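Data block for my_file28.csv (CSV, C-alpha atoms):
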```
chain,number,residue,atom,x,y,z
A,1416,MET,CA,21.3,28.3,-1.8
A,1417,LEU,CA,21.2,25.3,0.6
A,1418,GLY,CA,20.9,21.8,-0.6
A,1419,GLY,CA,20.0,23.0,-4.1
A,1420,PHE,CA,17.1,25.2,-2.8
A,1421,ASN,CA,17.0,29.0,-3.0
A,1422,GLU,CA,15.8,31.0,0.0
A,1423,GLU,CA,12.2,31.3,-1.4
A,1424,GLN,CA,12.0,27.6,-2.1
A,1425,ILE,CA,13.2,26.8,1.5
A,1426,ARG,CA,10.3,28.8,2.8
A,1427,ARG,CA,7.7,27.7,0.2
A,1428,TYR,CA,8.5,24.0,0.8
A,1429,SER,CA,9.4,24.1,4.5
A,1430,ARG,CA,6.4,22.2,5.6
A,1431,HIS,CA,7.3,19.4,3.2
A,1432,ILE,CA,11.0,19.5,4.1
A,1433,ILE,CA,10.3,19.2,7.8
A,1434,LEU,CA,8.4,15.9,7.2
A,1435,PRO,CA,10.9,13.0,7.7
A,1436,GLU,CA,9.2,11.1,4.8
A,1437,VAL,CA,9.8,14.0,2.4
A,1438,GLY,CA,12.8,16.1,3.4
A,1439,GLY,CA,14.9,18.1,0.9
A,1440,LYS,CA,15.5,14.9,-1.1
A,1441,GLY,CA,11.8,14.2,-1.5
A,1442,GLN,CA,11.1,17.8,-2.4
A,1443,LYS,CA,13.8,17.6,-5.1
A,1444,LYS,CA,12.2,14.5,-6.5
A,1445,LEU,CA,8.9,16.4,-6.8
A,1446,LEU,CA,10.6,19.3,-8.4
A,1447,SER,CA,12.1,17.1,-11.1
A,1448,SER,CA,8.9,15.2,-11.7
A,1449,LYS,CA,6.6,15.5,-14.7
A,1450,VAL,CA,2.9,14.9,-14.4
A,1451,LEU,CA,0.2,15.1,-17.0
A,1452,CYS,CA,-3.3,16.0,-16.0
A,1453,ILE,CA,-6.1,14.9,-18.3
A,1454,GLY,CA,-8.6,17.7,-18.1
A,1455,ALA,CA,-8.7,20.9,-16.1
A,1456,GLY,CA,-12.4,20.6,-15.1
A,1457,GLY,CA,-14.0,19.3,-11.9
A,1458,LEU,CA,-11.3,16.8,-11.0
A,1459,GLY,CA,-8.5,18.6,-12.9
A,1460,ALA,CA,-8.9,21.9,-11.0
A,1461,PRO,CA,-8.1,20.5,-7.5
A,1462,ILE,CA,-5.5,18.1,-8.9
A,1463,ILE,CA,-3.7,21.0,-10.6
A,1464,GLU,CA,-4.1,23.2,-7.6
A,1465,TYR,CA,-2.4,20.9,-5.2
A,1466,LEU,CA,0.2,19.4,-7.5
A,1467,ALA,CA,1.3,22.9,-8.4
A,1468,ALA,CA,1.4,23.9,-4.7
A,1469,ALA,CA,3.4,20.7,-3.9
A,1470,GLY,CA,6.1,21.7,-6.4
A,1471,ILE,CA,5.7,19.1,-9.1
A,1472,GLY,CA,8.3,20.6,-11.5
A,1473,THR,CA,6.5,20.1,-14.8
A,1474,LEU,CA,2.7,19.9,-15.1
A,1475,GLY,CA,1.1,19.1,-18.5
A,1476,ILE,CA,-2.5,20.1,-18.9
A,1477,ILE,CA,-4.7,18.9,-21.7
A,1478,ASP,CA,-8.2,20.3,-22.2
A,1479,ASP,CA,-9.9,21.6,-25.3
A,1480,ASP,CA,-12.8,23.3,-23.4
A,1481,THR,CA,-13.3,26.9,-22.3
A,1482,VAL,CA,-14.4,28.1,-18.9
A,1483,ASP,CA,-18.2,28.4,-18.5
A,1484,LEU,CA,-20.0,30.1,-15.7
A,1485,SER,CA,-21.6,26.8,-14.7
A,1486,ASN,CA,-18.1,25.4,-14.0
A,1487,LEU,CA,-17.3,27.8,-11.2
A,1488,GLN,CA,-19.6,25.9,-8.8
A,1489,ARG,CA,-16.7,23.5,-8.4
A,1490,GLN,CA,-13.7,24.4,-10.6
A,1491,VAL,CA,-12.4,27.1,-8.3
A,1492,ILE,CA,-9.1,27.7,-10.1
A,1493,HIS,CA,-10.9,29.3,-13.0
A,1494,GLY,CA,-12.4,32.2,-11.1
A,1495,GLY,CA,-12.6,35.4,-13.3
A,1496,ASN,CA,-11.7,33.5,-16.5
A,1497,VAL,CA,-15.1,32.7,-18.1
A,1498,GLY,CA,-14.6,32.3,-21.8
A,1499,MET,CA,-10.9,31.5,-21.5
A,1500,SER,CA,-9.3,28.2,-22.5
A,1501,LYS,CA,-9.3,26.0,-19.4
A,1502,ALA,CA,-5.7,24.9,-20.0
A,1503,GLU,CA,-4.6,28.6,-20.3
A,1504,SER,CA,-6.7,29.5,-17.2
A,1505,ALA,CA,-5.1,26.7,-15.2
A,1506,LYS,CA,-1.6,27.9,-16.4
A,1507,GLN,CA,-2.4,31.4,-15.2
A,1508,PHE,CA,-3.5,30.0,-11.8
A,1509,ILE,CA,-0.3,27.9,-11.5
A,1510,ASN,CA,2.0,30.9,-12.5
A,1511,ASN,CA,0.4,33.0,-9.7
A,1512,LEU,CA,0.6,30.2,-7.1
A,1513,ASN,CA,4.0,28.8,-7.8
A,1514,PRO,CA,6.4,30.2,-10.4
A,1515,ASP,CA,8.7,27.1,-10.0
A,1516,ILE,CA,6.3,25.1,-12.1
A,1517,GLU,CA,6.9,24.7,-15.8
A,1518,VAL,CA,3.4,24.4,-17.4
A,1519,LYS,CA,2.8,22.7,-20.8
A,1520,THR,CA,-0.7,23.3,-22.2
A,1521,TYR,CA,-2.4,21.2,-24.8
A,1522,ILE,CA,-5.5,22.9,-26.1
A,1523,GLU,CA,-6.8,19.8,-27.9
A,1524,ARG,CA,-8.7,16.6,-27.3
A,1525,LEU,CA,-6.8,13.5,-26.2
A,1526,ASN,CA,-7.2,11.0,-29.0
A,1527,ALA,CA,-5.8,7.7,-30.3
A,1528,ASN,CA,-3.4,9.7,-32.6
A,1529,ASN,CA,-1.8,12.0,-30.0
A,1530,VAL,CA,-2.0,10.0,-26.8
A,1531,ILE,CA,1.3,8.0,-27.0
A,1532,ASP,CA,3.4,11.1,-28.0
A,1533,ILE,CA,1.9,13.2,-25.2
A,1534,PHE,CA,2.3,10.5,-22.5
A,1535,ASN,CA,5.9,9.8,-23.4
A,1536,GLY,CA,7.1,13.1,-21.8
A,1537,TYR,CA,5.6,12.3,-18.4
A,1538,ASP,CA,6.4,10.2,-15.3
A,1539,MET,CA,2.8,9.8,-14.3
A,1540,ILE,CA,-0.7,10.5,-15.7
A,1541,VAL,CA,-3.7,11.7,-13.7
A,1542,ASP,CA,-7.1,11.2,-15.2
A,1543,GLY,CA,-9.6,14.0,-14.6
A,1544,SER,CA,-11.7,13.2,-17.6
A,1545,ASP,CA,-15.4,13.1,-17.6
A,1546,ASN,CA,-16.3,10.4,-20.2
A,1547,PHE,CA,-15.7,6.7,-20.7
A,1548,ALA,CA,-14.0,7.0,-24.1
A,1549,THR,CA,-11.2,9.1,-22.7
A,1550,ARG,CA,-11.0,7.0,-19.5
A,1551,TYR,CA,-10.4,3.8,-21.5
A,1552,LEU,CA,-8.1,5.5,-23.9
A,1553,VAL,CA,-6.0,6.8,-20.9
A,1554,ASN,CA,-6.0,3.4,-19.2
A,1555,ASP,CA,-4.9,1.5,-22.3
A,1556,ALA,CA,-2.3,4.1,-23.2
A,1557,CYS,CA,-0.9,3.9,-19.7
A,1558,VAL,CA,-0.6,0.1,-19.9
A,1559,ILE,CA,1.0,0.3,-23.3
A,1560,THR,CA,3.5,3.0,-22.3
A,1561,ASN,CA,3.9,1.6,-18.8
A,1562,LYS,CA,3.0,4.8,-17.0
A,1563,PRO,CA,1.4,4.9,-13.6
A,1564,LEU,CA,-2.1,6.3,-13.5
A,1565,SER,CA,-4.3,7.9,-10.9
A,1566,HIS,CA,-7.9,7.3,-11.8
A,1567,GLY,CA,-10.8,9.3,-10.4
A,1568,SER,CA,-14.4,9.7,-11.4
A,1569,ILE,CA,-17.5,11.3,-9.9
A,1570,TYR,CA,-21.2,11.1,-10.2
A,1571,ARG,CA,-23.8,13.2,-8.4
A,1572,PHE,CA,-22.7,12.6,-4.7
A,1573,GLU,CA,-20.4,9.7,-5.3
A,1574,GLY,CA,-16.9,9.3,-6.4
A,1575,GLN,CA,-14.2,6.7,-6.8
A,1576,VAL,CA,-10.4,6.7,-6.8
A,1577,THR,CA,-7.8,4.0,-7.6
A,1578,THR,CA,-4.1,3.9,-8.6
A,1579,ILE,CA,-3.0,1.8,-11.5
A,1580,ILE,CA,0.6,0.7,-11.8
A,1581,PRO,CA,0.6,-1.3,-15.1
A,1582,HIS,CA,1.7,-4.9,-14.9
A,1583,LYS,CA,2.1,-4.6,-11.1
A,1584,GLY,CA,-1.6,-4.4,-10.3
A,1585,PRO,CA,-5.0,-4.4,-12.0
A,1586,CYS,CA,-5.9,-1.8,-14.5
A,1587,TYR,CA,-9.2,-0.1,-15.1
A,1588,ARG,CA,-10.3,-2.7,-17.6
A,1589,CYS,CA,-9.6,-5.5,-15.2
A,1590,LEU,CA,-12.5,-4.2,-13.2
A,1591,PHE,CA,-14.7,-2.7,-15.9
A,1592,GLU,CA,-13.8,-4.5,-19.1
A,1593,HIS,CA,-15.9,-2.3,-21.3
A,1594,ALA,CA,-17.7,1.0,-21.1
A,1595,PRO,CA,-21.4,1.0,-20.5
A,1596,PRO,CA,-23.3,1.5,-23.7
A,1597,PRO,CA,-23.8,5.1,-24.8
A,1598,GLY,CA,-26.9,6.6,-23.2
A,1599,MET,CA,-27.0,4.2,-20.2
A,1600,VAL,CA,-25.1,6.5,-17.8
A,1601,PRO,CA,-26.1,10.2,-17.8
A,1602,SER,CA,-23.3,12.7,-18.0
A,1603,CYS,CA,-22.5,15.3,-15.4
A,1604,GLN,CA,-24.5,17.9,-17.4
A,1605,GLU,CA,-27.6,15.7,-17.2
A,1606,ALA,CA,-27.1,14.2,-13.8
A,1607,GLY,CA,-25.7,17.2,-11.8
A,1608,VAL,CA,-22.9,17.0,-9.3
A,1609,LEU,CA,-22.3,18.3,-5.8
A,1610,GLY,CA,-19.7,21.1,-6.1
A,1611,VAL,CA,-17.4,19.9,-3.4
A,1612,LEU,CA,-17.3,16.3,-4.6
A,1613,PRO,CA,-14.7,16.7,-7.3
A,1614,GLY,CA,-12.6,18.6,-4.8
A,1615,ILE,CA,-12.5,15.6,-2.5
A,1616,ILE,CA,-11.8,13.0,-5.2
A,1617,GLY,CA,-9.3,15.2,-7.1
A,1618,VAL,CA,-7.3,15.9,-3.9
A,1619,MET,CA,-7.2,12.2,-3.2
A,1620,GLN,CA,-5.8,11.7,-6.7
A,1621,ALA,CA,-3.2,14.4,-6.1
A,1622,THR,CA,-2.3,12.6,-2.8
A,1623,GLU,CA,-1.7,9.4,-4.7
A,1624,VAL,CA,0.5,11.2,-7.2
A,1625,VAL,CA,2.6,12.8,-4.6
A,1626,LYS,CA,3.0,9.5,-2.7
A,1627,TYR,CA,4.0,7.7,-5.9
A,1628,LEU,CA,6.6,10.3,-6.8
A,1629,LEU,CA,8.0,10.2,-3.3
A,1630,GLY,CA,7.9,6.5,-3.0
A,1631,ILE,CA,6.1,6.6,0.3
A,1632,GLY,CA,3.1,4.9,1.9
A,1633,GLU,CA,0.7,2.4,0.5
A,1634,LEU,CA,-0.8,3.3,-2.9
A,1635,LEU,CA,-4.4,2.4,-4.0
A,1636,VAL,CA,-3.1,-0.4,-6.2
A,1637,GLY,CA,-5.6,-3.1,-6.4
A,1638,ARG,CA,-8.0,-1.1,-4.2
A,1639,LEU,CA,-10.8,1.2,-5.3
A,1640,VAL,CA,-12.0,3.7,-2.8
A,1641,TYR,CA,-15.7,4.5,-3.2
A,1642,TYR,CA,-16.8,7.7,-1.5
A,1643,ASP,CA,-20.5,8.5,-0.8
A,1644,ALA,CA,-20.9,12.2,0.2
A,1645,LEU,CA,-24.5,11.9,1.3
A,1646,ASN,CA,-23.8,9.2,3.8
A,1647,MET,CA,-20.2,10.4,4.3
A,1648,THR,CA,-18.8,6.9,3.9
A,1649,PHE,CA,-15.6,5.6,2.4
A,1650,ASP,CA,-15.7,1.9,1.2
A,1651,GLU,CA,-12.8,0.0,-0.3
A,1652,ILE,CA,-13.4,-2.5,-3.1
A,1653,LYS,CA,-10.6,-5.0,-3.7
A,1654,MET,CA,-9.6,-5.1,-7.4
A,1655,ARG,CA,-7.8,-8.2,-8.8
A,1656,TRP,CA,-5.7,-8.5,-11.9
A,1657,ASN,CA,-7.8,-10.2,-14.6
A,1658,LYS,CA,-5.8,-12.7,-16.6
A,1659,ASN,CA,-8.3,-12.3,-19.4
A,1660,CYS,CA,-8.1,-8.5,-19.3
A,1661,PRO,CA,-8.1,-7.2,-23.0
A,1662,ILE,CA,-5.2,-4.8,-22.3
A,1663,CYS,CA,-3.1,-6.2,-19.5
A,1664,GLY,CA,-4.1,-9.9,-19.4
A,1665,GLU,CA,-2.0,-12.9,-20.4
A,1666,VAL,CA,-3.0,-12.6,-24.0
A,1667,PRO,CA,-4.1,-9.0,-24.6
A,1668,LYS,CA,-6.6,-8.3,-27.4
A,1669,ILE,CA,-5.6,-4.7,-27.5
A,1670,THR,CA,-1.9,-4.3,-28.4
A,1671,SER,CA,-1.9,-0.8,-29.8
A,1672,ILE,CA,-4.1,2.3,-29.6
A,1673,GLN,CA,-6.5,2.2,-32.5
A,1674,GLU,CA,-9.0,5.0,-33.1
A,1675,GLU,CA,-12.0,2.7,-33.7
A,1676,ILE,CA,-11.9,1.4,-30.2
A,1677,TYR,CA,-12.4,4.8,-28.6
A,1678,GLY,CA,-14.4,6.7,-31.2
A,1679,ASP,CA,-13.1,9.8,-33.0
A,1680,SER,CA,-14.3,12.4,-30.6
A,1681,CYS,CA,-14.0,10.5,-27.3
A,1682,ARG,CA,-17.6,11.4,-26.5
A,1683,ILE,CA,-19.6,8.2,-26.3
A,1684,TRP,CA,-22.6,9.6,-24.5
B,769,MET,CA,38.2,9.5,15.4
B,770,VAL,CA,40.1,11.9,13.2
B,771,ASN,CA,37.8,14.4,11.7
B,772,ASN,CA,39.8,17.2,10.1
B,773,MET,CA,36.9,18.7,8.2
B,774,THR,CA,34.4,20.3,10.4
B,775,ILE,CA,31.3,21.3,8.5
B,776,GLU,CA,29.7,24.4,9.7
B,777,LEU,CA,26.4,26.2,9.1
B,778,ASP,CA,25.9,29.8,10.3
B,779,LEU,CA,22.2,30.3,11.0
B,780,LYS,CA,22.6,33.6,12.9
B,781,GLY,CA,19.6,35.8,12.1
B,782,GLU,CA,17.4,32.8,11.2
B,783,VAL,CA,14.3,31.9,13.2
B,784,CYS,CA,12.2,28.8,13.7
B,785,PRO,CA,11.1,26.7,11.9
B,786,TYR,CA,13.7,27.6,9.3
B,787,THR,CA,16.5,27.0,11.7
B,788,PHE,CA,15.5,23.3,11.6
B,789,VAL,CA,14.7,23.3,7.9
B,790,LYS,CA,18.1,24.7,7.0
B,791,THR,CA,19.9,22.4,9.4
B,792,LYS,CA,18.1,19.4,7.9
B,793,LEU,CA,18.9,20.5,4.4
B,794,LYS,CA,22.6,20.8,5.3
B,795,LEU,CA,22.6,17.4,7.0
B,796,GLU,CA,21.4,15.9,3.8
B,797,GLU,CA,24.7,16.9,2.2
B,798,VAL,CA,26.7,15.4,5.1
B,799,GLU,CA,27.9,11.8,5.2
B,800,SER,CA,26.5,9.5,7.9
B,801,GLY,CA,28.6,9.7,11.0
B,802,GLU,CA,30.1,13.1,10.1
B,803,GLU,CA,29.7,16.1,12.4
B,804,LEU,CA,27.9,19.3,11.6
B,805,VAL,CA,28.3,22.4,13.7
B,806,VAL,CA,25.5,25.0,13.6
B,807,PHE,CA,25.5,28.5,15.0
B,808,PHE,CA,22.2,30.1,16.3
B,809,ASP,CA,21.3,33.4,17.8
B,810,HIS,CA,17.6,32.6,18.1
B,811,ALA,CA,17.0,31.2,21.6
B,812,PRO,CA,14.0,28.9,20.9
B,813,ALA,CA,16.1,27.1,18.2
B,814,VAL,CA,18.5,25.8,20.8
B,815,GLU,CA,15.7,23.7,22.3
B,816,ASN,CA,13.6,23.1,19.2
B,817,VAL,CA,16.3,22.1,16.7
B,818,PRO,CA,18.0,19.4,18.8
B,819,ARG,CA,14.7,17.9,19.7
B,820,SER,CA,13.6,17.7,16.0
B,821,LEU,CA,17.0,16.3,15.0
B,822,LYS,CA,16.8,13.6,17.7
B,823,ASN,CA,13.3,12.7,16.4
B,824,GLU,CA,15.0,12.0,13.0
B,825,GLY,CA,17.6,9.8,14.7
B,826,HIS,CA,20.6,12.2,14.7
B,827,LYS,CA,22.8,12.6,17.7
B,828,ILE,CA,23.4,15.9,19.6
B,829,MET,CA,27.1,15.9,20.6
B,830,GLY,CA,27.0,19.2,22.5
B,831,ILE,CA,25.2,22.5,23.0
B,832,GLU,CA,27.4,25.4,24.0
B,833,GLN,CA,26.6,29.0,24.7
B,834,THR,CA,29.5,31.0,23.1
B,835,GLY,CA,28.2,34.5,23.6
B,836,ASP,CA,25.4,36.7,25.0
B,837,ARG,CA,22.9,35.3,22.5
B,838,LEU,CA,24.9,32.9,20.6
B,839,TRP,CA,24.9,29.1,20.6
B,840,LYS,CA,26.8,26.4,19.0
B,841,VAL,CA,25.2,23.0,18.4
B,842,ARG,CA,27.2,19.9,17.4
B,843,ILE,CA,25.3,17.3,15.5
B,844,LYS,CA,26.4,13.8,14.4
B,845,LYS,CA,24.5,12.6,11.4
B,846,ALA,CA,22.6,9.3,11.7
```
Mind turning this structure into structure tokens?
Amino acid sequence: MLGGFNEEQIRRYSRHIILPEVGGKGQKKLLSSKVLCIGAGGLGAPIIEYLAAAGIGTLGIIDDDTVDLSNLQRQVIHGGNVGMSKAESAKQFINNLNPDIEVKTYIERLNANNVIDIFNGYDMIVDGSDNFATRYLVNDACVITNKPLSHGSIYRFEGQVTTIIPHKGPCYRCLFEHAPPPGMVPSCQEAGVLGVLPGIIGVMQATEVVKYLLGIGELLVGRLVYYDALNMTFDEIKMRWNKNCPICGEVPKITSIQEEIYGDSCRIW
Amino acid sequence: MVNNMTIELDLKGEVCPYTFVKTKLKLEEVESGEELVVFFDHAPAVENVPRSLKNEGHKIMGIEQTGDRLWKVRIKKA
């Protein structure tokens, strides 16, 4: 043991420890951190992969879906696990990659009734969900429980990433107050998605999580990175706190998580 | 300038980059201004480790060859 690390950990995390911005102290912060990943799908798979490799000590994974062959075009952690629960498959992947990680699986849908209890056990939330109802539920619950949130979403060849630190910067609703009406935006199933796209966006989210936990660099607070894979461009959109925001504004209309705001199944398309 | 307690780290048998990784981890347990003495038998470490430590702001107080393939490096923590 040296500095609280065993011989295997010294080797496993050596490339982190060498970095002046991380060191043994930073690696210990990561090992004592608890992060919840919403979804173990397109975005969740790369998020989970890199957070586990980085040594985030506790990873929560919530997903009620099972692995389908059509997922393997992009969700590379689930190889060989068609038919298995995605949360369980992700846990198996993590156990093989890094036995330091404690994995908590929630094979259920995130909803208005369970969100606060689940969020309370974590230092940060990463949203890898694929629908607006969950996205707004996650944003609102993060504002109410004061949890930092990494947001990412993808569509065909495009993706976006931002980081939300409630009450210190804008939230998702400051930018997009309400979800588009059901049926207006096609889902991934209908629209298709370039397989590598969630890899890029998810890994950017994981980067933000690691930076937040270490307290280094500049986070994407008040900034939304918009990535276009076809043109290979990254644009940055400035986000401002909206004083009329229904959840984090001066006089919030939403003060608790009520089921009717989000729909019972979180599927609004 | 009284420093009764010399903190030592024996890294004989260890190779790069773990010579630096382990020196760095030990330094994190040492108070600023205190001295750490590290023993190496891996020749490249004698150049690499002091260079990396200087990059992080620490001071190399001395490098001494104490045996055929044995070196002693004295470091003052920044």
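Residues with any atom within 12 Å of Thr834 of chain B, counting all atoms listed in the file and excluding same-chain neighbours fewer than 2 positions away, are Val806, Phe807, Phe808, Asp809, Ile831, Glu832, Asp836, Arg837, Leu838, Trp839, Lys840 and Val841 of chain B.
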Selected residues written out with C-alpha atoms, as a PDB file, in the coordinates of the input:
```
ATOM      1  CA  VAL B 806      25.500  25.000  13.600  1.00  0.00           C
ATOM      2  CA  PHE B 807      25.500  28.500  15.000  1.00  0.00           C
ATOM      3  CA  PHE B 808      22.200  30.100  16.300  1.00  0.00           C
ATOM      4  CA  ASP B 809      21.300  33.400  17.800  1.00  0.00           C
ATOM      5  CA  ILE B 831      25.200  22.500  23.000  1.00  0.00           C
ATOM      6  CA  GLU B 832      27.400  25.400  24.000  1.00  0.00           C
ATOM      7  CA  ASP B 836      25.400  36.700  25.000  1.00  0.00           C
ATOM      8  CA  ARG B 837      22.900  35.300  22.500  1.00  0.00           C
ATOM      9  CA  LEU B 838      24.900  32.900  20.600  1.00  0.00           C
ATOM     10  CA  TRP B 839      24.900  29.100  20.600  1.00  0.00           C
ATOM     11  CA  LYS B 840      26.800  26.400  19.000  1.00  0.00           C
ATOM     12  CA  VAL B 841      25.200  23.000  18.400  1.00  0.00           C
TER      13      VAL B 841
END
```
Atom CA of Lys1444 of chain A and atom CA of Cys1663 of chain A are how many Å apart? 28.8 Å
Could you pull the residues within 12 Å of segment 1664-1666 of chain A, counting all atoms listed in the file, minus those fewer than 3 positions along the same chain, as number ranges by chain? A: 1555, 1558, 1581-1590, 1592, 1655-1661, 1669-1670
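Closest approach to chain A among B:Val805, B:Leu821, B:Ile775, B:Ala813 is made by B:Leu821 (distances from all atoms listed in the file).
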Looking at B:Met773, B:Gly830, B:Gly835, B:Ser820, which one is nearest to Val798 of chain B, with distances taken over only C-alpha atoms?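 Closest candidate: B:Met773.
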